[in-house]
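Listing of my_file28.cif, mmCIF, C-alpha atoms
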```cif
data_input
loop_
_atom_site.group_PDB
_atom_site.id
_atom_site.type_symbol
_atom_site.label_atom_id
_atom_site.label_comp_id
_atom_site.auth_asym_id
_atom_site.auth_seq_id
_atom_site.Cartn_x
_atom_site.Cartn_y
_atom_site.Cartn_z
ATOM 1 C CA MET Y 14 -11.472 5.567 7.219
ATOM 2 C CA TRP Y 15 -8.802 2.867 7.227
ATOM 3 C CA SER Y 16 -9.946 -0.596 6.183
ATOM 4 C CA ALA Y 17 -7.870 -3.729 6.643
ATOM 5 C CA ILE Y 18 -7.416 -5.452 3.286
ATOM 6 C CA ALA Y 19 -4.464 -7.814 3.679
ATOM 7 C CA GLY Y 20 -2.557 -9.541 6.408
ATOM 8 C CA THR Y 21 -0.114 -12.305 7.180
ATOM 9 C CA ARG Y 22 -0.061 -15.222 9.581
ATOM 10 C CA GLN Y 23 2.407 -13.229 11.673
ATOM 11 C CA ASP Y 24 -0.172 -10.462 12.302
ATOM 12 C CA ASP Y 25 1.205 -7.953 9.782
ATOM 13 C CA VAL Y 26 -1.750 -5.899 8.489
ATOM 14 C CA TRP Y 27 -2.166 -3.669 5.422
ATOM 15 C CA TYR Y 28 -4.852 -0.967 5.525
ATOM 16 C CA VAL Y 29 -6.121 1.243 2.707
ATOM 17 C CA ASP Y 30 -7.886 4.593 2.783
ATOM 18 C CA GLN Y 31 -9.070 6.411 -0.339
ATOM 19 C CA THR Y 32 -8.066 5.176 -3.746
ATOM 20 C CA LEU Y 33 -8.060 7.086 -7.007
ATOM 21 C CA ALA Y 34 -8.467 4.806 -9.989
ATOM 22 C CA TYR Y 35 -8.640 5.286 -13.741
ATOM 23 C CA SER Y 36 -10.530 2.994 -16.064
ATOM 24 C CA THR Y 37 -11.266 2.394 -19.710
ATOM 25 C CA ARG Y 38 -13.890 0.049 -21.087
ATOM 26 C CA ASP Y 39 -15.066 -0.752 -17.551
ATOM 27 C CA LYS Y 40 -11.635 -2.106 -16.625
ATOM 28 C CA VAL Y 41 -9.356 -0.380 -14.096
ATOM 29 C CA THR Y 42 -6.076 0.531 -15.795
ATOM 30 C CA THR Y 43 -4.248 2.309 -12.961
ATOM 31 C CA SER Y 44 -4.808 3.043 -9.284
ATOM 32 C CA ARG Y 45 -3.149 5.200 -6.680
ATOM 33 C CA ALA Y 46 -3.663 4.819 -2.954
ATOM 34 C CA VAL Y 47 -2.346 5.551 0.485
ATOM 35 C CA LEU Y 48 -1.666 2.386 2.444
ATOM 36 C CA LYS Y 49 -0.836 1.886 6.084
ATOM 37 C CA PHE Y 50 1.267 -1.082 7.112
ATOM 38 C CA VAL Y 51 1.253 -2.208 10.749
ATOM 39 C CA PRO Y 52 3.895 -4.879 11.339
ATOM 40 C CA GLY Y 53 2.987 -7.725 13.643
ATOM 41 C CA PRO Y 54 5.015 -7.880 16.849
ATOM 42 C CA GLY Y 55 7.908 -10.261 16.279
ATOM 43 C CA SER Y 56 7.024 -10.942 12.632
ATOM 44 C CA ALA Y 57 9.804 -11.643 10.147
ATOM 45 C CA LEU Y 58 8.925 -8.511 8.169
ATOM 46 C CA ASN Y 59 8.918 -6.423 11.341
ATOM 47 C CA GLU Y 60 12.437 -7.673 12.100
ATOM 48 C CA GLU Y 61 13.631 -6.914 8.548
ATOM 49 C CA ILE Y 62 12.242 -3.375 8.764
ATOM 50 C CA ARG Y 63 13.878 -2.814 12.149
ATOM 51 C CA GLU Y 64 17.230 -4.059 10.839
ATOM 52 C CA CYS Y 65 16.950 -1.730 7.845
ATOM 53 C CA LEU Y 66 16.174 1.233 10.118
ATOM 54 C CA ASP Y 67 19.077 0.301 12.388
ATOM 55 C CA LEU Y 68 21.465 0.126 9.404
ATOM 56 C CA ASN Y 69 20.362 3.640 8.441
ATOM 57 C CA GLY Y 70 21.081 5.020 11.909
ATOM 58 C CA ILE Y 71 17.442 5.101 13.061
ATOM 59 C CA VAL Y 72 16.527 3.693 16.464
ATOM 60 C CA PRO Y 73 13.716 1.303 15.541
ATOM 61 C CA LYS Y 74 12.339 0.646 19.023
ATOM 62 C CA ASP Y 75 9.396 3.009 18.563
ATOM 63 C CA LEU Y 76 8.336 1.870 15.088
ATOM 64 C CA SER Y 77 4.555 1.740 15.067
ATOM 65 C CA TYR Y 78 3.469 1.780 11.416
ATOM 66 C CA ILE Y 79 4.440 2.768 7.881
ATOM 67 C CA MET Y 80 2.492 4.983 5.467
ATOM 68 C CA VAL Y 81 3.030 3.946 1.857
ATOM 69 C CA PHE Y 82 2.133 5.857 -1.287
ATOM 70 C CA VAL Y 83 1.528 3.295 -4.012
ATOM 71 C CA SER Y 84 0.500 3.278 -7.635
ATOM 72 C CA ILE Y 85 -0.289 0.220 -9.693
ATOM 73 C CA ASP Y 86 -0.386 -0.400 -13.389
ATOM 74 C CA CYS Y 87 -3.281 -2.858 -13.494
ATOM 75 C CA ARG Y 88 -2.634 -3.831 -17.107
ATOM 76 C CA ARG Y 89 0.957 -4.936 -16.436
ATOM 77 C CA GLU Y 90 0.297 -5.867 -12.787
ATOM 78 C CA LEU Y 91 3.167 -3.835 -11.375
ATOM 79 C CA LEU Y 92 3.156 -2.034 -8.017
ATOM 80 C CA HIS Y 93 5.248 1.076 -7.440
ATOM 81 C CA PHE Y 94 5.847 2.181 -3.851
ATOM 82 C CA SER Y 95 6.962 5.776 -4.371
ATOM 83 C CA ASP Y 96 7.261 6.989 -0.796
ATOM 84 C CA MET Y 97 7.333 5.329 2.625
ATOM 85 C CA ALA Y 98 7.134 7.214 5.893
ATOM 86 C CA PHE Y 99 7.965 5.327 9.089
ATOM 87 C CA PHE Y 100 6.121 6.502 12.225
ATOM 88 C CA ASP Y 101 6.691 6.010 15.930
ATOM 89 C CA SER Y 102 4.040 5.433 18.595
ATOM 90 C CA GLU Y 103 3.493 9.209 18.886
ATOM 91 C CA ASP Y 104 2.700 9.533 15.142
ATOM 92 C CA LYS Y 105 5.983 11.304 14.402
ATOM 93 C CA VAL Y 106 7.976 10.479 11.277
ATOM 94 C CA ILE Y 107 11.203 8.735 12.261
ATOM 95 C CA TRP Y 108 12.402 8.067 8.702
ATOM 96 C CA ARG Y 109 11.253 8.570 5.140
ATOM 97 C CA GLN Y 110 12.319 6.605 2.073
ATOM 98 C CA GLN Y 111 11.537 7.567 -1.522
ATOM 99 C CA TYR Y 112 11.907 5.195 -4.436
ATOM 100 C CA GLU Y 113 12.765 5.859 -8.054
ATOM 101 C CA GLU Y 114 10.033 5.654 -10.672
ATOM 102 C CA ALA Y 115 11.724 2.616 -12.204
ATOM 103 C CA TYR Y 116 11.356 0.577 -8.982
ATOM 104 C CA HIS Y 117 8.404 -1.811 -9.435
ATOM 105 C CA ILE Y 118 7.211 -4.936 -7.661
ATOM 106 C CA ALA Y 119 5.323 -7.741 -9.373
ATOM 107 C CA PRO Y 120 2.549 -8.958 -7.036
ATOM 108 C CA THR Y 121 2.691 -12.604 -6.006
ATOM 109 C CA ALA Y 122 -0.585 -14.543 -5.993
ATOM 110 C CA GLY Y 123 -1.689 -15.397 -2.465
ATOM 111 C CA SER Y 124 0.691 -12.907 -0.842
ATOM 112 C CA SER Y 125 -0.069 -9.483 0.624
ATOM 113 C CA THR Y 126 1.079 -7.808 -2.603
ATOM 114 C CA GLY Y 127 -1.290 -10.037 -4.582
ATOM 115 C CA VAL Y 128 -4.213 -9.123 -2.334
ATOM 116 C CA LEU Y 129 -3.324 -5.410 -2.503
ATOM 117 C CA SER Y 130 -3.139 -5.585 -6.286
ATOM 118 C CA GLY Y 131 -6.544 -7.274 -6.475
ATOM 119 C CA TYR Y 132 -8.182 -4.637 -4.284
ATOM 120 C CA LEU Y 133 -6.576 -1.635 -5.958
ATOM 121 C CA CYS Y 134 -7.417 -2.893 -9.440
ATOM 122 C CA LEU Y 135 -10.928 -3.936 -8.370
ATOM 123 C CA ASN Y 136 -10.331 -7.522 -9.428
ATOM 124 C CA ARG Y 137 -13.283 -8.709 -7.419
ATOM 125 C CA PRO Y 138 -16.523 -9.712 -9.148
ATOM 126 C CA GLY Y 139 -19.372 -7.232 -8.774
ATOM 127 C CA PHE Y 140 -17.430 -4.782 -6.593
ATOM 128 C CA LEU Y 141 -18.618 -1.222 -7.225
ATOM 129 C CA ASP Y 142 -19.259 -1.847 -10.918
ATOM 130 C CA THR Y 143 -21.206 1.387 -11.190
ATOM 131 C CA LEU Y 144 -18.179 3.436 -10.133
ATOM 132 C CA LYS Y 145 -16.003 1.861 -12.802
ATOM 133 C CA ARG Y 146 -17.945 3.804 -15.449
ATOM 134 C CA LYS Y 147 -16.589 7.131 -14.168
ATOM 135 C CA LYS Y 148 -13.105 8.128 -15.358
ATOM 136 C CA PRO Y 149 -11.274 8.754 -13.020
ATOM 137 C CA PHE Y 150 -13.153 7.753 -9.892
ATOM 138 C CA LEU Y 151 -12.529 7.783 -6.176
ATOM 139 C CA TYR Y 152 -13.665 4.903 -4.026
ATOM 140 C CA LEU Y 153 -13.556 3.917 -0.384
ATOM 141 C CA PHE Y 154 -13.355 0.377 0.866
ATOM 142 C CA PRO Y 155 -16.215 -0.760 3.116
#
```

Once you've parsed the file, please lay out its structure as structure tokens.
Amino acid sequence: MWSAIAGTRQDDVWYVDQTLAYSTRDKVTTSRAVLKFVPGPGSALNEEIRECLDLNGIVPKDLSYIMVFVSIDCRRELLHFSDMAFFDSEDKVIWRQQYEEAYHIAPTAGSSTGVLSGYLCLNRPGFLDTLKRKKPFLYLFP
């Protein structure tokens, strides 16, 4: 049940599946999700990823998408990408990268990370307000 939630002008697309979120006082405090990133053909980010794979001895020609395990501290607005798995066109893992717990990214307003942060922390008016009352809760994006 992948749903596109963010993209760039260069056709990079971020998808999200299920998200587990925790809340207090009807405010999401933390979220965890599995994201899928599909780089746009010829996009700047696609080229950066391919260069990184090449530097690590991985032939990047078959890169199709990346699965990302992310958690976000909604109070401090910090994203943590804990694990990234890079897949080829046959859905086989060609490389995996894990990140230390201390590695966090501050979302930038208007960027893909800002949009991801807004979705994962339910910073959208009226979006599934009834689910926010359950602690923790699981939600799917429409």

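Distances here use only C-alpha atoms; by that measure, the residue among Y:Cys87, Y:Ile18, Y:Ala122, Y:Cys65 closest to Ser44 in chain Y is Y:Cys87.
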
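If only C-alpha atoms are the atoms counted, then among Y:Gly55, Y:Pro73, Y:Ser102, Y:His93 the closest residue to Pro120 in chain Y is Y:His93.
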
- May I ask for the distance between CA of Val81 in chain Y and CA of Arg45 in chain Y, given in Å to one decimal place? 10.6 Å

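Compared by their closest atoms to Leu76 in chain Y, and using all atoms listed in the file, the residues Y:Glu90, Y:Asp101, Y:Ser95, Y:Ala57 rank with Y:Asp101 nearest.
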
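This file, queried with the PyMOL selection byres ((chain Y and resi 111-116) around 9), gives the residues Y:Leu92, Y:His93, Y:Phe94, Y:Ser95, Y:Asp96, Y:Met97, Y:Ala98, Y:Arg109, Y:Gln110, Y:His117, Y:Ile118.
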
Calculate, to one decimal in Å, the centre and edge lengths of the box along x, y and z of the file that holds all listed atoms of range 102-106 of chain Y with 4 Å of margin on each side, and present them as AutoDock Vina command-line options.
```
--center_x 5.3 --center_y 8.4 --center_z 15.1 --size_x 13.3 --size_y 13.9 --size_z 15.6
```

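The point (0.2, -11.7, 10.7) has these residues within 12 Å of it, counting only C-alpha atoms: Ala19, Gly20, Thr21, Arg22, Gln23, Asp24, Asp25, Val26, Trp27, Phe50, Val51, Pro52, Gly53, Pro54, Gly55, Ser56, Ala57, Leu58, Asn59, Ser124 and Ser125 of chain Y.
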
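Counting all atoms listed in the file and comparing Y:Glu60, Y:Ile107, Y:Ser84, Y:Val72, the residue that lies closest to Leu129 in chain Y is Y:Ser84.
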
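The gap separating CA of Gly123 in chain Y from CA of Trp108 in chain Y is 29.6 Å, in Å to one decimal.
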
- Atomic separation - CA of Val106 in chain Y relative to CA of Arg63 in chain Y, Å: 14.6 Å

- Reference answer for the PyMOL selection byres ((chain Y and resi 32) around 12), as a ChimeraX atom specification: /Y:14-16,28-31,33-35,41,43-48,82-85,129,132-135,149-154

- Task: Find, counting all atoms listed in the file, the residue in Y:Glu61, Y:Gly70, Y:Tyr78, Y:Arg38 that gets nearest to Lys105 in chain Y.
- Result: Y:Tyr78
